[in-house]
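Chemist: So I've got this file, work-v7.cif, and it contains mmCIF, C-alpha atoms:
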```cif
data_upload
loop_
_atom_site.label_atom_id
_atom_site.label_comp_id
_atom_site.auth_asym_id
_atom_site.auth_seq_id
_atom_site.Cartn_x
_atom_site.Cartn_y
_atom_site.Cartn_z
CA MET A 1 10.78 36.65 25.56
CA LYS A 2 13.39 37.86 28.03
CA PHE A 3 17.05 38.19 27.01
CA PRO A 4 19.36 38.08 30.04
CA ALA A 5 23.05 38.94 29.81
CA PRO A 6 25.55 36.15 29.12
CA LEU A 7 27.83 34.67 31.81
CA LYS A 8 25.27 35.24 34.55
CA SER A 9 23.44 32.75 36.74
CA ASN A 10 20.23 33.37 34.78
CA SER A 11 21.78 33.42 31.28
CA SER A 12 20.22 31.63 28.36
CA LYS A 13 22.85 29.22 27.03
CA ILE A 14 23.47 27.39 23.76
CA LEU A 15 26.03 24.59 23.55
CA LEU A 16 27.31 23.83 20.06
CA LEU A 17 28.65 20.35 19.33
CA GLY A 18 30.92 20.86 16.35
CA SER A 19 32.40 24.31 15.78
CA GLY A 20 33.14 24.81 12.10
CA GLU A 21 32.34 27.77 9.87
CA LEU A 22 28.59 27.17 9.96
CA GLY A 23 28.61 26.93 13.74
CA LYS A 24 30.62 30.15 13.89
CA GLU A 25 27.78 32.04 12.23
CA VAL A 26 25.22 30.42 14.56
CA ILE A 27 27.29 31.57 17.55
CA ILE A 28 27.45 35.13 16.18
CA GLU A 29 23.69 35.25 15.68
CA ALA A 30 23.03 33.88 19.17
CA GLN A 31 25.34 36.44 20.74
CA ARG A 32 23.45 39.23 19.01
CA LEU A 33 20.56 38.27 21.29
CA GLY A 34 22.69 38.09 24.41
CA ILE A 35 22.73 34.29 24.44
CA GLU A 36 25.68 32.71 26.24
CA THR A 37 27.51 30.41 23.84
CA VAL A 38 29.72 27.37 24.34
CA ALA A 39 31.63 25.84 21.41
CA VAL A 40 32.83 22.23 21.50
CA ASP A 41 35.02 20.48 18.95
CA SER A 42 37.81 17.95 18.60
CA TYR A 43 40.58 20.45 17.78
CA VAL A 44 41.90 23.71 19.21
CA ASN A 45 40.81 27.04 17.72
CA ALA A 46 37.93 25.74 15.64
CA PRO A 47 36.15 28.69 13.94
CA ALA A 48 33.18 28.87 16.33
CA SER A 49 35.42 28.64 19.39
CA LEU A 50 37.10 31.88 18.28
CA VAL A 51 33.87 33.82 18.88
CA ALA A 52 32.12 31.81 21.62
CA ASN A 53 32.04 32.79 25.30
CA LYS A 54 33.60 29.44 26.22
CA SER A 55 35.07 26.50 24.35
CA TYR A 56 36.11 22.89 24.95
CA VAL A 57 38.26 20.44 23.03
CA ILE A 58 37.15 16.83 23.52
CA ASN A 59 36.72 13.53 21.72
CA MET A 60 33.32 14.18 20.16
CA LYS A 61 32.61 10.47 19.74
CA ASN A 62 33.24 9.70 23.40
CA LYS A 63 29.93 9.55 25.26
CA ASN A 64 31.42 10.34 28.66
CA GLU A 65 33.41 13.36 27.45
CA VAL A 66 30.39 14.85 25.66
CA LEU A 67 28.14 14.30 28.70
CA GLU A 68 30.75 15.76 31.03
CA VAL A 69 30.68 19.07 29.15
CA ILE A 70 26.87 19.05 28.99
CA LYS A 71 26.51 18.40 32.72
CA ARG A 72 29.12 21.03 33.54
CA GLU A 73 27.59 23.76 31.37
CA LYS A 74 23.89 22.87 31.80
CA PRO A 75 22.84 24.52 28.50
CA ASP A 76 19.27 25.42 27.64
CA PHE A 77 19.81 24.11 24.12
CA ILE A 78 22.27 21.62 22.61
CA LEU A 79 22.91 22.17 18.89
CA PRO A 80 24.75 19.37 17.03
CA GLU A 81 26.61 20.89 14.08
CA ILE A 82 28.36 17.80 12.70
CA GLU A 83 27.59 14.11 12.23
CA ALA A 84 30.61 12.75 14.09
CA ILE A 85 29.10 12.96 17.59
CA SER A 86 28.27 10.29 20.16
CA ILE A 87 24.56 9.75 19.55
CA ASP A 88 24.37 7.85 22.84
CA ALA A 89 25.40 11.04 24.61
CA LEU A 90 22.55 12.96 22.96
CA PHE A 91 19.96 10.37 23.95
CA ALA A 92 21.35 10.36 27.51
CA ALA A 93 21.24 14.17 27.63
CA GLU A 94 17.58 14.13 26.62
CA GLU A 95 16.82 11.59 29.33
CA MET A 96 18.40 14.00 31.82
CA GLY A 97 16.05 16.75 30.64
CA PHE A 98 18.30 18.69 28.26
CA CYS A 99 16.89 20.01 24.97
CA VAL A 100 18.67 18.64 21.89
CA ILE A 101 17.93 20.50 18.63
CA PRO A 102 15.89 19.32 16.84
CA ASN A 103 15.88 16.13 18.96
CA ALA A 104 18.21 13.18 19.48
CA GLU A 105 16.23 10.79 17.29
CA ALA A 106 16.26 13.25 14.38
CA VAL A 107 20.02 13.58 14.70
CA ASN A 108 20.30 9.79 14.87
CA LYS A 109 18.29 9.35 11.68
CA THR A 110 20.03 12.06 9.66
CA MET A 111 23.64 11.35 10.68
CA ASN A 112 23.42 7.95 8.95
CA ARG A 113 22.36 7.63 5.31
CA LYS A 114 20.85 4.21 5.93
CA ASN A 115 18.62 5.50 8.71
CA ILE A 116 17.35 8.55 6.84
CA ARG A 117 16.88 6.80 3.50
CA LYS A 118 14.83 3.97 5.02
CA PHE A 119 12.83 6.52 7.03
CA ALA A 120 12.12 8.71 4.00
CA ALA A 121 11.43 5.99 1.46
CA GLU A 122 9.90 3.21 3.55
CA ASP A 123 8.24 5.01 6.46
CA LEU A 124 7.17 8.26 4.78
CA GLY A 125 6.82 6.99 1.23
CA LEU A 126 8.87 9.79 -0.35
CA LYS A 127 10.17 9.39 -3.89
CA THR A 128 13.90 8.55 -3.86
CA SER A 129 16.41 6.85 -6.11
CA LYS A 130 16.60 3.06 -5.92
CA TYR A 131 19.26 1.90 -3.47
CA PHE A 132 21.03 -0.97 -1.74
CA PHE A 133 23.17 -1.15 1.38
CA VAL A 134 26.34 -3.21 1.14
CA LYS A 135 29.10 -4.33 3.51
CA THR A 136 31.39 -6.27 1.18
CA TYR A 137 32.94 -5.63 -2.21
CA GLU A 138 31.06 -8.59 -3.62
CA GLU A 139 27.76 -7.04 -2.48
CA LEU A 140 28.82 -3.75 -4.06
CA VAL A 141 29.42 -5.41 -7.44
CA LYS A 142 26.09 -7.24 -7.31
CA SER A 143 24.15 -4.09 -6.31
CA ALA A 144 25.83 -1.91 -8.93
CA ASP A 145 25.11 -4.48 -11.66
CA THR A 146 21.47 -4.56 -10.55
CA LEU A 147 21.05 -0.77 -10.51
CA GLY A 148 23.07 -0.24 -13.68
CA TYR A 149 25.76 2.29 -14.49
CA PRO A 150 26.43 5.00 -13.64
CA CYS A 151 25.62 4.58 -9.95
CA VAL A 152 26.48 6.59 -6.84
CA ILE A 153 28.46 5.07 -3.96
CA LYS A 154 28.70 6.67 -0.51
CA PRO A 155 29.60 5.68 3.06
CA VAL A 156 26.47 5.47 5.21
CA MET A 157 28.01 8.15 7.42
CA SER A 158 30.30 10.96 6.31
CA SER A 159 30.21 14.73 6.04
CA SER A 160 30.75 17.27 3.24
CA GLY A 161 30.64 14.59 0.58
CA HIS A 162 33.72 12.73 1.81
CA GLY A 163 34.02 9.28 0.28
CA GLN A 164 31.29 9.84 -2.31
CA SER A 165 31.86 8.90 -5.96
CA VAL A 166 30.11 7.96 -9.18
CA ALA A 167 30.98 4.61 -10.75
CA ARG A 168 30.40 4.94 -14.49
CA SER A 169 31.33 1.34 -15.23
CA LYS A 170 32.28 -1.85 -13.41
CA ASP A 171 35.93 -0.85 -13.82
CA ASP A 172 35.33 2.12 -11.46
CA LEU A 173 34.04 0.02 -8.56
CA ILE A 174 37.40 -0.74 -6.97
CA ALA A 175 38.32 2.96 -6.84
CA SER A 176 34.85 3.86 -5.50
CA TRP A 177 35.11 1.16 -2.85
CA GLU A 178 38.52 2.38 -1.70
CA MET A 179 37.43 6.03 -1.69
CA ALA A 180 34.39 5.25 0.46
CA LYS A 181 36.40 3.11 2.86
CA GLU A 182 38.99 5.85 3.36
CA ALA A 183 36.40 8.53 4.17
CA ARG A 184 36.10 9.99 7.64
CA GLY A 185 33.04 8.70 9.42
CA ASP A 186 31.46 5.24 9.43
CA ALA A 187 32.48 3.32 6.30
CA SER A 188 31.55 -0.12 7.60
CA GLU A 189 28.52 -0.04 5.32
CA LEU A 190 27.95 1.75 2.02
CA ILE A 191 24.87 2.90 0.15
CA VAL A 192 24.73 2.26 -3.58
CA GLU A 193 22.21 4.48 -5.35
CA GLU A 194 20.62 4.59 -8.74
CA PHE A 195 21.96 7.55 -10.68
CA ILE A 196 19.03 9.92 -11.19
CA LYS A 197 19.30 11.83 -14.47
CA PHE A 198 18.14 15.03 -12.83
CA ASP A 199 18.10 18.46 -14.41
CA TYR A 200 19.42 20.12 -11.27
CA GLU A 201 19.58 19.72 -7.51
CA ILE A 202 18.49 22.14 -4.84
CA THR A 203 18.68 22.78 -1.14
CA LEU A 204 15.36 23.87 0.31
CA LEU A 205 16.03 25.48 3.68
CA THR A 206 13.06 24.60 5.86
CA VAL A 207 12.55 26.32 9.22
CA ARG A 208 10.14 25.17 11.91
CA ASN A 209 9.24 26.07 15.46
CA GLN A 210 6.28 25.10 17.62
CA LEU A 211 3.85 27.21 15.56
CA GLU A 212 4.88 27.26 11.91
CA THR A 213 7.03 25.96 9.08
CA THR A 214 8.49 28.35 6.53
CA PHE A 215 10.82 28.04 3.54
CA CYS A 216 13.61 30.10 2.06
CA GLU A 217 13.82 30.52 -1.71
CA PRO A 218 15.26 27.35 -3.30
CA ILE A 219 19.05 27.24 -3.58
CA GLY A 220 20.74 25.77 -6.63
CA HIS A 221 24.23 24.36 -6.28
CA ILE A 222 27.09 22.70 -8.09
CA GLN A 223 29.04 19.95 -6.35
CA LYS A 224 32.41 18.37 -7.00
CA ASP A 225 33.27 15.07 -5.32
CA GLY A 226 30.14 15.43 -3.20
CA ASP A 227 31.09 18.85 -1.78
CA TYR A 228 29.58 22.13 -2.92
CA ILE A 229 31.64 24.71 -4.80
CA PHE A 230 28.95 27.17 -5.99
CA SER A 231 25.43 27.94 -4.81
CA TRP A 232 22.87 30.51 -5.88
CA GLN A 233 19.47 31.73 -4.76
CA PRO A 234 16.83 31.48 -6.06
CA MET A 235 17.05 28.47 -8.32
CA GLN A 236 14.70 28.99 -11.23
CA MET A 237 12.17 26.13 -11.26
CA SER A 238 8.57 25.49 -12.19
CA GLN A 239 5.86 26.25 -9.67
CA THR A 240 4.83 22.58 -9.80
CA ALA A 241 8.34 21.41 -8.90
CA LEU A 242 8.61 24.04 -6.16
CA ASP A 243 5.27 23.00 -4.64
CA LYS A 244 6.36 19.34 -4.67
CA SER A 245 9.68 20.31 -3.09
CA LYS A 246 7.93 22.11 -0.26
CA GLU A 247 5.57 19.19 0.24
CA ILE A 248 8.48 16.75 0.54
CA ALA A 249 10.47 19.09 2.79
CA LYS A 250 7.54 19.59 5.14
CA LYS A 251 6.81 15.89 5.27
CA ILE A 252 10.39 14.93 6.15
CA THR A 253 10.84 17.71 8.72
CA ASP A 254 7.44 17.01 10.29
CA GLY A 255 8.47 13.37 10.50
CA LEU A 256 11.73 14.26 12.22
CA GLY A 257 10.03 16.75 14.53
CA GLY A 258 11.59 19.31 16.84
CA ARG A 259 12.55 22.83 15.88
CA GLY A 260 15.30 24.56 13.99
CA LEU A 261 16.46 24.93 10.42
CA PHE A 262 16.81 21.90 8.13
CA GLY A 263 18.69 21.73 4.86
CA VAL A 264 16.61 19.45 2.61
CA GLU A 265 18.46 18.27 -0.51
CA LEU A 266 16.36 17.36 -3.54
CA PHE A 267 16.88 16.22 -7.14
CA VAL A 268 14.60 17.78 -9.76
CA SER A 269 13.85 16.29 -13.18
CA GLY A 270 11.28 18.35 -15.04
CA ASP A 271 8.39 18.59 -12.59
CA GLU A 272 9.42 15.45 -10.70
CA VAL A 273 11.20 15.81 -7.37
CA TYR A 274 13.24 13.17 -5.55
CA PHE A 275 14.32 13.30 -1.90
CA SER A 276 18.10 12.99 -1.45
CA GLU A 277 19.22 13.93 2.06
CA VAL A 278 18.45 16.25 4.96
CA SER A 279 20.64 17.96 7.55
CA PRO A 280 18.99 19.13 10.81
CA ARG A 281 21.11 22.28 10.92
CA PRO A 282 22.27 25.12 8.64
CA HIS A 283 23.60 23.92 5.30
CA ASP A 284 26.85 24.87 3.56
CA THR A 285 25.03 25.84 0.35
CA GLY A 286 22.89 28.15 2.48
CA MET A 287 25.77 30.50 3.23
CA VAL A 288 24.41 32.50 0.28
CA THR A 289 21.59 33.65 2.59
CA MET A 290 24.09 35.90 4.37
CA ILE A 291 23.75 38.25 1.39
CA THR A 292 20.24 37.54 0.06
CA GLN A 293 18.02 37.68 3.16
CA SER A 294 17.36 39.97 6.10
CA GLN A 295 17.65 36.88 8.32
CA SER A 296 20.33 34.42 7.19
CA GLU A 297 19.87 30.68 7.64
CA PHE A 298 21.91 31.02 10.84
CA ALA A 299 19.69 33.76 12.26
CA LEU A 300 16.60 31.74 11.34
CA HIS A 301 18.04 28.67 13.06
CA VAL A 302 18.54 30.65 16.28
CA ARG A 303 15.07 32.17 16.01
CA ALA A 304 13.50 28.74 15.57
CA VAL A 305 15.46 27.33 18.52
CA LEU A 306 14.26 30.19 20.74
CA GLY A 307 10.67 29.98 19.51
CA LEU A 308 10.75 33.42 17.89
CA PRO A 309 8.84 34.49 14.74
CA LEU A 310 10.37 33.26 11.48
CA ASP A 311 9.58 36.23 9.23
CA PHE A 312 12.27 37.63 6.94
CA ILE A 313 12.73 39.70 3.78
CA THR A 314 14.42 38.46 0.62
CA TYR A 315 16.61 41.30 -0.68
CA GLY A 316 17.27 39.91 -4.15
CA THR A 317 19.37 37.27 -5.87
CA GLY A 318 22.80 36.07 -4.80
CA ALA A 319 25.50 33.46 -5.12
CA SER A 320 28.34 31.92 -3.14
CA ALA A 321 31.64 30.37 -4.16
CA ALA A 322 33.63 28.21 -1.75
CA TYR A 323 37.39 28.66 -1.58
CA LYS A 324 39.33 25.46 -0.94
CA ALA A 325 42.93 25.34 0.14
CA LYS A 326 45.56 24.41 -2.42
CA GLY A 327 48.23 23.43 0.10
CA ASP A 328 48.92 22.06 3.59
CA THR A 329 50.06 24.39 6.35
CA PHE A 330 49.68 25.08 10.07
CA SER A 331 49.78 28.83 9.33
CA PRO A 332 47.16 29.41 6.64
CA ILE A 333 47.01 32.78 4.91
CA ILE A 334 44.17 33.72 2.58
CA GLU A 335 45.17 36.34 0.01
CA ALA A 336 42.35 38.23 -1.69
CA ASP A 337 42.48 40.84 -4.40
CA ALA A 338 40.89 44.13 -3.39
CA GLY A 339 38.45 43.62 -6.26
CA VAL A 340 36.70 40.94 -4.22
CA PHE A 341 35.31 43.67 -1.97
CA THR A 342 32.67 45.66 -3.85
CA LYS A 343 29.27 47.13 -3.05
CA THR A 344 27.69 43.83 -4.16
CA SER A 345 30.25 41.31 -2.91
CA PHE A 346 32.33 40.36 0.11
CA LEU A 347 34.54 37.65 1.52
CA ARG A 348 34.14 35.56 4.66
CA VAL A 349 37.34 33.94 5.96
CA PHE A 350 36.63 31.12 8.39
CA GLY A 351 39.85 31.36 10.41
CA LYS A 352 40.64 27.65 10.45
CA PRO A 353 43.95 27.00 12.21
CA GLN A 354 45.22 24.48 9.66
CA SER A 355 44.69 23.93 5.95
CA HIS A 356 45.03 20.88 3.79
CA VAL A 357 44.35 20.43 0.10
CA GLY A 358 40.64 20.73 -0.54
CA ARG A 359 39.69 22.08 2.89
CA ARG A 360 37.09 24.86 2.71
CA MET A 361 38.71 27.99 4.09
CA ALA A 362 36.56 30.92 2.92
CA VAL A 363 33.53 31.87 0.87
CA VAL A 364 32.81 34.69 -1.57
CA LEU A 365 29.27 36.10 -1.52
CA THR A 366 27.76 38.18 -4.31
CA TYR A 367 24.47 40.02 -4.82
CA ASP A 368 22.37 41.28 -7.71
CA ARG A 369 18.95 42.76 -7.19
CA ASP A 370 17.24 41.01 -10.10
CA ASN A 371 19.46 38.57 -12.01
CA VAL A 372 20.81 35.47 -10.29
CA ASN A 373 23.01 34.64 -13.28
CA VAL A 374 24.83 37.96 -12.88
CA ALA A 375 25.47 37.16 -9.21
CA LEU A 376 26.70 33.64 -10.05
CA ASP A 377 29.00 34.85 -12.82
CA GLN A 378 30.45 37.42 -10.42
CA ALA A 379 31.04 34.75 -7.76
CA LYS A 380 32.81 32.52 -10.29
CA GLU A 381 35.03 35.43 -11.34
CA LEU A 382 35.85 36.67 -7.85
CA ILE A 383 36.78 33.26 -6.45
CA THR A 384 39.69 33.25 -8.94
CA LYS A 385 41.07 36.35 -7.21
CA ILE A 386 41.75 34.40 -4.00
CA THR A 387 44.82 32.31 -3.21
CA ASP A 388 46.54 30.72 -0.23
#
```
Since I need it in another form, could you write the structure as structure tokens?
Modeler:
Amino acid sequence: MKFPAPLKSNSSKILLLGSGELGKEVIIEAQRLGIETVAVDSYVNAPASLVANKSYVINMKNKNEVLEVIKREKPDFILPEIEAISIDALFAAEEMGFCVIPNAEAVNKTMNRKNIRKFAAEDLGLKTSKYFFVKTYEELVKSADTLGYPCVIKPVMSSSGHGQSVARSKDDLIASWEMAKEARGDASELIVEEFIKFDYEITLLTVRNQLETTFCEPIGHIQKDGDYIFSWQPMQMSQTALDKSKEIAKKITDGLGGRGLFGVELFVSGDEVYFSEVSPRPHDTGMVTMITQSQSEFALHVRAVLGLPLDFITYGTGASAAYKAKGDTFSPIIEADAGVFTKTSFLRVFGKPQSHVGRRMAVVLTYDRDNVNVALDQAKELITKITD
């Protein structure tokens, strides 16, 4: 493959729709190969725009504004990084001959929990929790009573766990309803899910190009309010459960098609594995791969997009801990103790221009050659040495 210089008439160009901390790492990896990069988001100075060759601030849900940037830049590849994008613009871009990663229909299915759950459970026959879709509070009560308590309630479309809650009794339903309705994204319809009594949940990063599908070591994670706070790699699991996880991940990504890296979320109970969700892009829990692998999830995503080989080396075990802001400010400052920076740990500050309570602002990454529990304990300790 040829690698021309950026900002030339013959440059290879990636346009990123959504420019958060995950997109920032994708941009960095693309630039290491001389790829011209364009970052697009709805606010000024989004993390990826700080490192891209060009950037735009637009209404990401406005079809005409998204298409205007695409037609102006004429990218070789369009990489959606968030759910809140005009899907009509992506379909229109494909009709004009542009390459959407992995493809517009895959983005359409995965950006909406109703679409992807029906596709996985009804079209592909994957094992999932029982579920109902509801539009009114009365339907929510009926569905929750049918599934039993506890049950999980989510908007059909949201990101980073926003609006997600667990109703442990009928008394919790009003609060769950209000939380889901206040979430960013599409809260016109909710999904009510059976609560699976799983032993743990994993993210199985699945990478595919035209020739092959490969997997990273499974990533364990702990969530709070639907958003991850710790992740570690590898998650210790039985070979039977791992084989089933790979089978499910390959089936869902083959069904979606296209190329790139997918974050497949799975529940594991003993040797049984249940499909939960899938993101057709790098996953927040996968930031741990920046310290555990020779090719991080971001580098693998770029390789898959470009059709390059997907080989990599796993260095050892590792963990990540997300730092979330404790206050609201337009001038965020992350303060880290020098002890965070060791030969087996480091900090990544995302550079977001504004913080609000609970917004993810940085991540601590730790490494241990052999013992993942050592790496996780270190991550949990070091994250306490950061403030804002």
Chemist: Could you write out as a list in words the residues that the PyMOL selection byres ((chain A and resi 80) around 8) matches in the shown file?
Modeler: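 What the PyMOL selection byres ((chain A and resi 80) around 8) grabs from the file is Leu16, Leu17, Gly18, Ile78, Leu79, Glu81, Ile82, Glu83, Ile85, Val100, Ile101, Val107 and Arg281 of chain A.
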Chemist: Evaluate the PyMOL selection byres ((chain A and resi 129) around 10) and record the selected residues as a PyMOL selection string, following the chain and residue labels used in the document.
Modeler: chain A and resi 117+121+126-128+130-131+147+192-196+267+274-276
Chemist: Kindly export the residues of the current selection with C-alpha atoms, as an mmCIF file, in the frame of the given file.
Modeler:
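Generated output (result-v4.cif):
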```cif
data_model
loop_
_atom_site.group_PDB
_atom_site.id
_atom_site.type_symbol
_atom_site.label_atom_id
_atom_site.label_comp_id
_atom_site.auth_asym_id
_atom_site.auth_seq_id
_atom_site.Cartn_x
_atom_site.Cartn_y
_atom_site.Cartn_z
ATOM 1 C CA ARG A 117 16.880 6.800 3.500
ATOM 2 C CA ALA A 121 11.430 5.990 1.460
ATOM 3 C CA LEU A 126 8.870 9.790 -0.350
ATOM 4 C CA LYS A 127 10.170 9.390 -3.890
ATOM 5 C CA THR A 128 13.900 8.550 -3.860
ATOM 6 C CA LYS A 130 16.600 3.060 -5.920
ATOM 7 C CA TYR A 131 19.260 1.900 -3.470
ATOM 8 C CA LEU A 147 21.050 -0.770 -10.510
ATOM 9 C CA VAL A 192 24.730 2.260 -3.580
ATOM 10 C CA GLU A 193 22.210 4.480 -5.350
ATOM 11 C CA GLU A 194 20.620 4.590 -8.740
ATOM 12 C CA PHE A 195 21.960 7.550 -10.680
ATOM 13 C CA ILE A 196 19.030 9.920 -11.190
ATOM 14 C CA PHE A 267 16.880 16.220 -7.140
ATOM 15 C CA TYR A 274 13.240 13.170 -5.550
ATOM 16 C CA PHE A 275 14.320 13.300 -1.900
ATOM 17 C CA SER A 276 18.100 12.990 -1.450
#
```
Chemist: Restricting the calculation to only C-alpha atoms, which member of A:Leu205, A:Ile174, A:Ala84, A:Ala375 is positioned closest to Met157 (chain A)?
Modeler: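 Comparing A:Leu205, A:Ile174, A:Ala84, A:Ala375 against Met157 (chain A), the winner is A:Ala84.
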Chemist: Which residues are near Lys114 (chain A)? Cut-off 8 Å, only C-alpha atoms, ignore same chain within fewer than 6 positions. Put them as a VMD selection string.
Modeler: chain A and resid 133 156 191
Chemist: To one decimal place, how far is CA of Ile248 (chain A) from CA of Gly307 (chain A) in Å?
Modeler: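 Computed distance, CA of Ile248 (chain A) to CA of Gly307 (chain A), equals 23.2 Å.
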Chemist: Could you work out how far CA of Ser245 (chain A) lies from CA of Glu277 (chain A), giving the answer in Å with one decimal?
Modeler: 12.6 Å
Chemist: Have a look at CA of Tyr43 (chain A) and CA of Met290 (chain A) and let me know their distance in Å, one decimal.
Modeler: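 Atom-to-atom, CA of Tyr43 (chain A) to CA of Met290 (chain A), that is 26.3 Å.
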Chemist: Which residue is closest to Glu138 (chain A)? Choose from A:Trp177, A:Phe3, A:Phe119, A:Phe198 and count all atoms listed in the file.
Modeler: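 Closest to Glu138 (chain A), using all atoms listed in the file: A:Trp177.
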